[in-house]
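One file, run31.txt, carrying compact mmCIF, C-alpha atoms and all ligand atoms:
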```txt
# COMPACT_ATOMS: atom_id res chain seq x y z
CA MET A 1 6.34 -12.32 20.57
CA GLY A 2 5.31 -11.33 17.06
CA LYS A 3 7.55 -10.34 14.18
CA LEU A 4 6.73 -6.65 14.80
CA ALA A 5 6.65 -6.67 18.59
CA ASP A 6 6.67 -3.13 19.99
CA ARG A 7 7.11 -1.52 16.59
CA VAL A 8 5.01 1.49 15.61
CA VAL A 9 4.02 1.50 11.92
CA LEU A 10 2.10 4.15 9.98
CA ILE A 11 -0.01 2.65 7.17
CA THR A 12 -1.71 4.87 4.58
CA GLY A 13 -4.91 3.95 2.77
CA ALA A 14 -5.61 1.62 5.68
CA ALA A 15 -9.42 1.82 5.73
CA ARG A 16 -9.94 -1.01 3.25
CA GLY A 17 -8.23 -3.34 0.77
CA GLN A 18 -4.55 -4.15 1.14
CA GLY A 19 -3.99 -1.43 3.75
CA GLU A 20 -6.72 -2.88 5.96
CA GLN A 21 -5.18 -6.35 5.76
CA GLU A 22 -1.73 -4.93 6.47
CA ALA A 23 -3.13 -3.22 9.57
CA ARG A 24 -4.78 -6.43 10.79
CA LEU A 25 -1.67 -8.57 10.20
CA PHE A 26 0.75 -6.04 11.69
CA VAL A 27 -1.33 -5.80 14.86
CA ALA A 28 -1.50 -9.60 15.04
CA GLU A 29 2.31 -9.57 14.85
CA GLY A 30 2.61 -7.21 17.81
CA ALA A 31 2.79 -3.78 16.16
CA ARG A 32 0.94 -0.64 17.10
CA VAL A 33 -0.40 1.01 13.98
CA ILE A 34 -1.43 4.47 12.88
CA LEU A 35 -4.09 4.12 10.20
CA GLY A 36 -4.27 6.99 7.72
CA ASP A 37 -6.99 7.42 5.09
CA VAL A 38 -9.55 9.81 3.67
CA LEU A 39 -12.38 7.33 4.42
CA ASP A 40 -12.84 8.47 8.00
CA GLY A 41 -15.85 6.31 8.93
CA PRO A 42 -14.37 2.94 7.91
CA GLY A 43 -10.93 3.95 9.18
CA GLU A 44 -12.24 4.91 12.61
CA ALA A 45 -14.25 1.68 12.77
CA LEU A 46 -11.20 -0.45 11.99
CA ALA A 47 -9.08 1.31 14.62
CA LYS A 48 -11.84 0.80 17.18
CA GLU A 49 -12.08 -2.89 16.32
CA LEU A 50 -8.31 -3.35 16.68
CA GLY A 51 -8.29 -1.52 20.04
CA GLU A 52 -6.95 1.86 21.16
CA ASP A 53 -3.78 0.39 22.65
CA ARG A 54 -2.99 -1.13 19.24
CA ALA A 55 -4.43 1.19 16.57
CA ARG A 56 -5.31 4.83 16.07
CA TYR A 57 -6.96 6.40 13.05
CA VAL A 58 -5.92 9.76 11.64
CA HIS A 59 -7.41 11.62 8.67
CA LEU A 60 -4.50 11.64 6.22
CA ASP A 61 -4.87 12.75 2.63
CA VAL A 62 -1.44 11.65 1.47
CA SER A 63 -1.35 14.35 -1.20
CA GLN A 64 -1.47 17.10 1.45
CA GLU A 65 1.77 18.12 3.13
CA ALA A 66 -0.01 19.53 6.20
CA ASP A 67 -1.86 16.24 6.73
CA TRP A 68 1.48 14.41 6.92
CA THR A 69 2.77 16.83 9.55
CA ALA A 70 -0.37 16.24 11.60
CA ALA A 71 -0.26 12.45 11.15
CA VAL A 72 3.35 12.21 12.31
CA ALA A 73 2.52 14.36 15.33
CA ALA A 74 -0.51 12.16 16.10
CA ALA A 75 1.58 8.99 15.87
CA LYS A 76 4.17 10.37 18.26
CA ALA A 77 1.51 11.62 20.65
CA ALA A 78 -0.17 8.20 20.67
CA TYR A 79 2.81 5.83 20.79
CA GLY A 80 5.93 7.97 21.22
CA ARG A 81 7.78 7.16 18.01
CA ILE A 82 7.53 5.68 14.49
CA ASP A 83 9.53 2.62 13.35
CA GLY A 84 7.92 1.89 10.02
CA LEU A 85 5.91 3.32 7.15
CA VAL A 86 3.78 1.52 4.60
CA ASN A 87 2.92 3.86 1.74
CA ASN A 88 -0.15 1.99 0.51
CA ALA A 89 -2.71 4.66 -0.45
CA GLY A 90 -3.36 4.89 -4.15
CA ILE A 91 -5.94 5.58 -6.83
CA LEU A 92 -6.48 4.03 -10.26
CA ARG A 93 -7.87 5.74 -13.36
CA PHE A 94 -8.37 3.94 -16.69
CA ASN A 95 -8.03 6.05 -19.82
CA GLU A 96 -6.29 5.86 -23.15
CA LEU A 97 -3.29 8.16 -23.46
CA VAL A 98 -4.84 10.65 -25.86
CA GLY A 99 -8.09 10.77 -23.90
CA THR A 100 -6.56 11.42 -20.49
CA PRO A 101 -7.44 14.91 -19.19
CA LEU A 102 -4.50 16.76 -17.68
CA ALA A 103 -6.41 17.20 -14.43
CA GLU A 104 -6.89 13.42 -14.14
CA PHE A 105 -3.21 12.74 -14.84
CA GLN A 106 -2.19 15.30 -12.24
CA GLN A 107 -4.62 13.91 -9.65
CA VAL A 108 -3.14 10.42 -9.97
CA VAL A 109 0.38 11.83 -9.73
CA GLN A 110 -0.58 13.92 -6.70
CA VAL A 111 -1.97 10.98 -4.73
CA ASN A 112 0.23 8.07 -5.81
CA GLN A 113 3.58 9.69 -6.50
CA VAL A 114 3.62 12.94 -4.51
CA GLY A 115 1.86 11.11 -1.67
CA ALA A 116 4.63 8.50 -1.43
CA PHE A 117 7.28 11.22 -1.63
CA LEU A 118 5.65 13.32 1.11
CA GLY A 119 5.28 10.22 3.27
CA MET A 120 8.91 9.20 3.04
CA ARG A 121 10.03 12.77 3.62
CA ALA A 122 7.78 13.28 6.65
CA VAL A 123 8.45 9.95 8.36
CA THR A 124 12.17 9.46 7.71
CA PRO A 125 13.33 11.85 10.47
CA GLU A 126 11.23 9.85 12.93
CA LEU A 127 12.77 6.56 11.76
CA VAL A 128 16.22 8.10 12.23
CA ALA A 129 15.22 9.24 15.72
CA ALA A 130 14.01 5.71 16.49
CA GLY A 131 17.43 4.33 15.52
CA GLY A 132 16.36 2.89 12.15
CA GLY A 133 13.30 1.43 10.52
CA THR A 134 11.56 0.33 7.36
CA ILE A 135 9.66 1.91 4.50
CA VAL A 136 7.49 -0.23 2.22
CA ASN A 137 6.16 1.54 -0.85
CA THR A 138 3.29 0.12 -2.88
CA ALA A 139 4.04 0.20 -6.59
CA SER A 140 2.49 -2.23 -9.07
CA TYR A 141 3.40 -4.67 -11.80
CA THR A 142 2.62 -1.73 -14.12
CA ALA A 143 5.82 -0.15 -12.81
CA LEU A 144 7.75 -2.92 -14.55
CA THR A 145 5.68 -3.81 -17.59
CA GLY A 146 3.11 -2.07 -19.77
CA MET A 147 -0.66 -2.23 -19.65
CA ALA A 148 -2.89 -0.28 -22.01
CA PHE A 149 -5.12 2.49 -20.61
CA LEU A 150 -2.95 3.05 -17.52
CA THR A 151 -0.70 5.96 -18.55
CA SER A 152 -1.11 8.02 -15.39
CA TYR A 153 -1.16 5.05 -13.01
CA ALA A 154 1.85 3.30 -14.58
CA ALA A 155 3.82 6.55 -14.58
CA THR A 156 3.33 6.98 -10.84
CA LYS A 157 4.13 3.38 -10.02
CA ALA A 158 7.38 3.50 -12.01
CA ALA A 159 8.22 6.70 -10.15
CA ILE A 160 7.63 4.93 -6.84
CA VAL A 161 10.15 2.22 -7.76
CA GLY A 162 12.62 4.95 -8.75
CA MET A 163 12.16 6.81 -5.46
CA THR A 164 12.45 3.52 -3.56
CA ARG A 165 15.88 2.82 -5.04
CA VAL A 166 17.18 6.33 -4.35
CA ALA A 167 15.80 6.43 -0.80
CA ALA A 168 17.31 3.02 -0.06
CA MET A 169 20.74 4.29 -1.09
CA GLU A 170 20.47 7.50 0.90
CA LEU A 171 19.06 5.88 4.05
CA ALA A 172 20.95 2.57 4.30
CA GLY A 173 23.63 4.20 6.45
CA LYS A 174 20.94 5.33 8.88
CA GLY A 175 19.59 1.82 9.39
CA ILE A 176 16.52 2.39 7.25
CA ARG A 177 15.53 -0.15 4.59
CA VAL A 178 13.26 0.91 1.73
CA ASN A 179 11.55 -1.58 -0.58
CA ALA A 180 8.62 -1.64 -2.98
CA MET A 181 5.85 -4.15 -3.61
CA CYS A 182 4.61 -4.68 -7.16
CA PRO A 183 1.27 -6.50 -6.93
CA GLY A 184 -0.43 -7.94 -9.99
CA ALA A 185 -4.22 -8.15 -9.82
CA ILE A 186 -5.49 -8.23 -6.23
CA ASP A 187 -9.12 -8.66 -5.16
CA THR A 188 -9.82 -5.38 -3.34
CA PRO A 189 -12.39 -2.56 -3.62
CA MET A 190 -10.07 -0.99 -6.23
CA THR A 191 -10.53 -3.89 -8.65
CA ASN A 192 -13.81 -5.32 -7.42
CA PRO A 193 -16.74 -2.88 -7.02
CA ASP A 194 -18.69 -5.64 -5.27
CA ARG A 195 -16.34 -5.21 -2.33
CA VAL A 196 -17.24 -1.54 -1.77
CA ALA A 197 -19.80 -0.82 0.96
CA ALA A 198 -22.13 2.18 0.86
CA ASP A 199 -19.77 4.31 2.98
CA GLY A 200 -16.82 3.55 0.68
CA GLY A 201 -15.36 1.08 3.17
CA PRO A 202 -14.88 -2.64 2.67
CA LYS A 203 -17.72 -5.13 2.34
CA ALA A 204 -17.15 -8.27 4.37
CA ALA A 205 -15.45 -10.92 2.30
CA ASP A 206 -18.17 -13.47 2.85
CA GLU A 207 -20.73 -11.15 1.27
CA THR A 208 -18.95 -11.19 -2.06
CA GLY A 209 -17.55 -13.82 -4.29
CA SER A 210 -14.31 -13.84 -6.23
CA ALA A 211 -15.39 -16.55 -8.66
CA ALA A 212 -15.92 -14.21 -11.62
CA LEU A 213 -12.59 -12.48 -11.06
CA ASP A 214 -10.83 -15.81 -10.60
CA GLU A 215 -12.30 -17.02 -13.88
CA PHE A 216 -11.19 -13.86 -15.68
CA TYR A 217 -7.66 -13.80 -14.25
CA GLY A 218 -7.37 -17.56 -14.51
CA LYS A 219 -6.96 -17.07 -18.25
CA VAL A 220 -3.84 -14.91 -17.89
CA VAL A 221 -2.41 -15.64 -14.45
CA PRO A 222 -0.52 -18.98 -14.26
CA MET A 223 -1.74 -19.60 -10.70
CA GLY A 224 -5.28 -19.40 -12.05
CA ARG A 225 -6.80 -16.80 -9.76
CA ILE A 226 -6.67 -13.19 -8.65
CA GLY A 227 -4.51 -12.41 -5.61
CA ARG A 228 -5.84 -11.78 -2.12
CA PRO A 229 -5.02 -8.63 -0.11
CA GLU A 230 -3.92 -10.87 2.79
CA GLU A 231 -1.15 -12.20 0.53
CA VAL A 232 0.16 -8.70 -0.17
CA ALA A 233 -0.02 -7.97 3.56
CA ARG A 234 2.30 -10.92 4.21
CA LEU A 235 4.84 -9.45 1.76
CA ALA A 236 4.54 -6.08 3.53
CA LEU A 237 5.18 -7.87 6.83
CA PHE A 238 8.26 -9.62 5.44
CA LEU A 239 9.68 -6.30 4.21
CA SER A 240 8.86 -4.57 7.53
CA CYS A 241 10.44 -7.12 9.88
CA GLU A 242 13.84 -8.64 10.52
CA ASP A 243 13.19 -11.53 8.09
CA SER A 244 14.30 -9.13 5.33
CA SER A 245 17.20 -7.63 7.30
CA TYR A 246 19.64 -7.59 4.32
CA ILE A 247 17.18 -6.46 1.64
CA THR A 248 16.78 -2.87 0.52
CA GLY A 249 16.10 -0.87 -2.63
CA GLN A 250 14.20 -3.61 -4.44
CA PRO A 251 10.82 -4.01 -6.16
CA PHE A 252 9.06 -7.30 -5.29
CA VAL A 253 6.55 -8.69 -7.76
CA ILE A 254 3.59 -10.54 -6.22
CA ASP A 255 1.34 -11.60 -9.09
CA GLY A 256 0.71 -15.37 -9.20
CA GLY A 257 3.21 -15.65 -12.05
CA TRP A 258 1.50 -13.14 -14.36
CA MET A 259 4.77 -11.41 -15.28
CA ALA A 260 6.75 -14.64 -15.62
CA GLY A 261 5.98 -14.83 -19.33
CA VAL A 262 3.30 -14.85 -22.00
CA SER A 263 0.46 -17.35 -21.56
CA VAL A 264 -0.53 -19.05 -24.83
CA PHE A 265 -1.98 -22.33 -23.50
P1 LIG B 1 -8.38 0.25 -2.45
O1 LIG B 1 -9.00 1.27 -3.33
O2 LIG B 1 -9.21 -0.82 -1.90
O3 LIG B 1 -7.65 0.96 -1.21
C1 LIG B 1 -6.93 2.15 -1.36
C2 LIG B 1 -7.09 2.96 -0.10
O4 LIG B 1 -6.37 4.21 -0.29
C3 LIG B 1 -8.55 3.32 0.20
O5 LIG B 1 -8.85 3.07 1.55
C4 LIG B 1 -8.64 4.79 -0.16
O6 LIG B 1 -9.60 5.51 0.58
C5 LIG B 1 -7.22 5.25 0.16
N1 LIG B 1 -6.88 6.51 -0.48
C6 LIG B 1 -7.18 6.93 -1.73
N2 LIG B 1 -6.74 8.18 -1.92
C7 LIG B 1 -6.15 8.56 -0.76
C8 LIG B 1 -5.50 9.74 -0.34
N3 LIG B 1 -5.38 10.82 -1.13
N4 LIG B 1 -5.00 9.78 0.92
C9 LIG B 1 -5.12 8.70 1.73
N5 LIG B 1 -5.73 7.57 1.40
C10 LIG B 1 -6.24 7.50 0.15
O7 LIG B 1 -7.16 -0.34 -3.28
P2 LIG B 1 -6.07 -1.48 -2.97
O8 LIG B 1 -6.16 -2.47 -4.05
O9 LIG B 1 -6.12 -1.93 -1.56
O10 LIG B 1 -4.76 -0.61 -3.24
C11 LIG B 1 -3.73 -0.44 -2.30
C12 LIG B 1 -2.47 -0.08 -3.06
O11 LIG B 1 -2.08 -1.19 -3.88
C13 LIG B 1 -2.61 1.10 -4.02
O12 LIG B 1 -1.44 1.89 -4.00
C14 LIG B 1 -2.78 0.44 -5.37
O13 LIG B 1 -2.37 1.29 -6.42
C15 LIG B 1 -1.86 -0.75 -5.20
N6 LIG B 1 -2.11 -1.85 -6.12
C16 LIG B 1 -3.32 -2.48 -6.15
C17 LIG B 1 -3.51 -3.53 -7.04
C18 LIG B 1 -4.82 -4.27 -7.12
O14 LIG B 1 -5.00 -5.07 -8.05
N7 LIG B 1 -5.75 -4.10 -6.20
C19 LIG B 1 -2.47 -3.93 -7.88
C20 LIG B 1 -1.26 -3.27 -7.83
C21 LIG B 1 -1.09 -2.23 -6.94
```

Written as structure tokens, that's how I'd like the structure from this file.
Amino acid sequence: MGKLADRVVLITGAARGQGEQEARLFVAEGARVILGDVLDGPGEALAKELGEDRARYVHLDVSQEADWTAAVAAAKAAYGRIDGLVNNAGILRFNELVGTPLAEFQQVVQVNQVGAFLGMRAVTPELVAAGGGTIVNTASYTALTGMAFLTSYAATKAAIVGMTRVAAMELAGKGIRVNAMCPGAIDTPMTNPDRVAADGGPKAADETGSAALDEFYGKVVPMGRIGRPEEVARLALFLSCEDSSYITGQPFVIDGGWMAGVSVF
């Protein structure tokens, strides 16, 4: 029996990166997963690899309300109910504040912030119907501390922590726990272009090296390396299973000690 035996969890942005690792770990722990993404080829391939009885892929642009309605319906049609949501999908745009076009700012808000809102709003009634459940939102360390050139991204991640706290308060009485993860630097296609395959999906880990990133982050991260998406997946698992049964409304930093203080040596 796994930690998520018989639970049905919808994971967004599941075609690659952290979402992919969350899907793999959740299935290994007994869950059935609905994988949502806009990268249909890699998403379909992952669902096929995991097996139809364990995973289904659905095209889900998290910024589109109608896509959420369809994804929830697909999850229920496939597995009968939904017990958990991992709002993982996100995009990153680097720009200095005064150089950020309004359209770019609004695009990041639409995917990261509105997407997480639409997801919680669409899935919560299903969690209530299932008798309770969990929501794990993916924020970032930039929700809690500053980083230059990330105005739009940091704004959305702070908003996600805010929504997480409010949702936790509103939903605790319904048996639904809501928490947020705040990763530091994690070695995924978002941060490492070498990990992006031609179709936008993930490149197998053994085809790429993390040495250069480890060297770079080793200078600022006390643990001396960039994080691995599998490590974030384990935090998502903890927050989605009974091991965290008395925890709700909190942001969890996972960053190898980056935010612990200022490195001068
Ligand atoms: P990634 O780019 O590898 O994966 C993100 C996934 O989201 C992709 O599969 C992408 O296709 C999908 N996606 C993008 N827009 C979407 C949309 N509109 N609808 C549905 N899916 C969409 O990045 P990752 O590093 O795995 O990021 C996962 C989450 O973790 C993101 O929310 C990101 O902001 C957050 N995060 C990442 C890091 C990091 O260093 N990698 C650090 C902190 C937070």

One residue among A:Glu126, A:Glu230, A:Glu20, A:Asp6 is nearest to A:Lys203 when using all atoms listed in the file, and that residue is A:Glu20

For ligand LIG 1 (chain B), collect every residue having any atom at a distance of at most 6 Å from a ligand atom (counting only C-alpha atoms and all ligand atoms); output as a short mmCIF file (atom, residue, chain, number, x, y, z; two decimals) with C-alpha atoms, in the frame of the given file.
```cif
data_model
loop_
_atom_site.label_atom_id
_atom_site.label_comp_id
_atom_site.auth_asym_id
_atom_site.auth_seq_id
_atom_site.Cartn_x
_atom_site.Cartn_y
_atom_site.Cartn_z
CA THR A 12 -1.71 4.87 4.58
CA GLY A 13 -4.91 3.95 2.77
CA ALA A 14 -5.61 1.62 5.68
CA ALA A 15 -9.42 1.82 5.73
CA ARG A 16 -9.94 -1.01 3.25
CA GLY A 17 -8.23 -3.34 0.77
CA GLN A 18 -4.55 -4.15 1.14
CA GLY A 19 -3.99 -1.43 3.75
CA ASP A 37 -6.99 7.42 5.09
CA VAL A 38 -9.55 9.81 3.67
CA LEU A 39 -12.38 7.33 4.42
CA LEU A 60 -4.50 11.64 6.22
CA ASP A 61 -4.87 12.75 2.63
CA VAL A 62 -1.44 11.65 1.47
CA SER A 63 -1.35 14.35 -1.20
CA ASN A 88 -0.15 1.99 0.51
CA ALA A 89 -2.71 4.66 -0.45
CA GLY A 90 -3.36 4.89 -4.15
CA ILE A 91 -5.94 5.58 -6.83
CA VAL A 111 -1.97 10.98 -4.73
CA THR A 138 3.29 0.12 -2.88
CA ALA A 139 4.04 0.20 -6.59
CA SER A 140 2.49 -2.23 -9.07
CA PRO A 183 1.27 -6.50 -6.93
CA GLY A 184 -0.43 -7.94 -9.99
CA ALA A 185 -4.22 -8.15 -9.82
CA ILE A 186 -5.49 -8.23 -6.23
CA ASP A 187 -9.12 -8.66 -5.16
CA THR A 188 -9.82 -5.38 -3.34
CA PRO A 189 -12.39 -2.56 -3.62
CA MET A 190 -10.07 -0.99 -6.23
CA THR A 191 -10.53 -3.89 -8.65
#
```

Shortest contact to A:Gly218, candidates A:Lys76, A:Val196, A:Ala154, A:Gly257, atoms counted all atoms listed in the file, goes to A:Gly257

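Take atom CA of A:Thr134 and atom CA of A:Ala122: the distance between them is 13.5 Å.
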
Query - For atom CA of A:Met259 and atom CA of A:Val166, the interatomic separation in Å (one decimal) - result: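 According to the coordinates, atom CA of A:Met259 and atom CA of A:Val166 are separated by 24.3 Å.
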
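The protein and nucleic acid residues lying at most 9 Å from A:Phe149 are Arg93, Phe94, Asn95, Glu96, Leu97, Ser152 and Tyr153 of chain A, with all atoms listed in the file considered and sequence neighbours fewer than 3 positions away removed.
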
Self-check item: Å distance separating atom CA of A:Val253 from atom CA of A:Leu150, one decimal place
Solution: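 Spanning atom CA of A:Val253 to atom CA of A:Leu150 is a straight-line distance of 18.0 Å.
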
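The residue that comes closest to A:Ser244, out of A:Gly133, A:Gly224, A:Gly30, A:Gly115 and on the basis of only C-alpha atoms, is A:Gly133.
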
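Minimum atom-to-atom distances from A:Gly41, A:Gly131, A:Gly51, A:Gly249 to A:Ala197 were compared using all atoms listed in the file, and the lowest value belongs to A:Gly41.
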
### Message
Taking 2 positions as the minimum chain separation for residues in the same chain, which residues sit within 7 Å of A:Thr248 when counting all atoms listed in the file? Answer as a ChimeraX atom specification.
### Response
/A:168,177-179,246,250

Self-check item: Nearest residue to A:Leu235 from the set A:Met223, A:Ala180, A:Leu118, A:Ala31 (distances using only C-alpha atoms)
Solution: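 Of A:Met223, A:Ala180, A:Leu118, A:Ala31, the one nearest A:Leu235, counting only C-alpha atoms, is A:Ala180.
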
One residue among A:Leu4, A:Ala74, A:Val262, A:Leu213 is nearest to A:Gly36 when using all atoms listed in the file, and that residue is A:Ala74

_For stretch 263-265 of chain A: contacts at 9 Å, only C-alpha atoms, fewer than 5 positions along chain excluded, given as a VMD selection string_ = chain A and resid 219 to 222 258

Counting only C-alpha atoms, find residues at most 12 Å from (-2.9, 16.6, -13.2) (file frame) and give them as a ChimeraX atom specification.
/A:93,100-114,152-153,156

Preceding selection exported with C-alpha atoms as a compact mmCIF listing (two decimals), keeping the file's coordinate frame:
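In the end it all went to part11.txt:
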```txt
# COMPACT_ATOMS: atom_id res chain seq x y z
CA ARG A 93 -7.87 5.74 -13.36
CA THR A 100 -6.56 11.42 -20.49
CA PRO A 101 -7.44 14.91 -19.19
CA LEU A 102 -4.50 16.76 -17.68
CA ALA A 103 -6.41 17.20 -14.43
CA GLU A 104 -6.89 13.42 -14.14
CA PHE A 105 -3.21 12.74 -14.84
CA GLN A 106 -2.19 15.30 -12.24
CA GLN A 107 -4.62 13.91 -9.65
CA VAL A 108 -3.14 10.42 -9.97
CA VAL A 109 0.38 11.83 -9.73
CA GLN A 110 -0.58 13.92 -6.70
CA VAL A 111 -1.97 10.98 -4.73
CA ASN A 112 0.23 8.07 -5.81
CA GLN A 113 3.58 9.69 -6.50
CA VAL A 114 3.62 12.94 -4.51
CA SER A 152 -1.11 8.02 -15.39
CA TYR A 153 -1.16 5.05 -13.01
CA THR A 156 3.33 6.98 -10.84
```
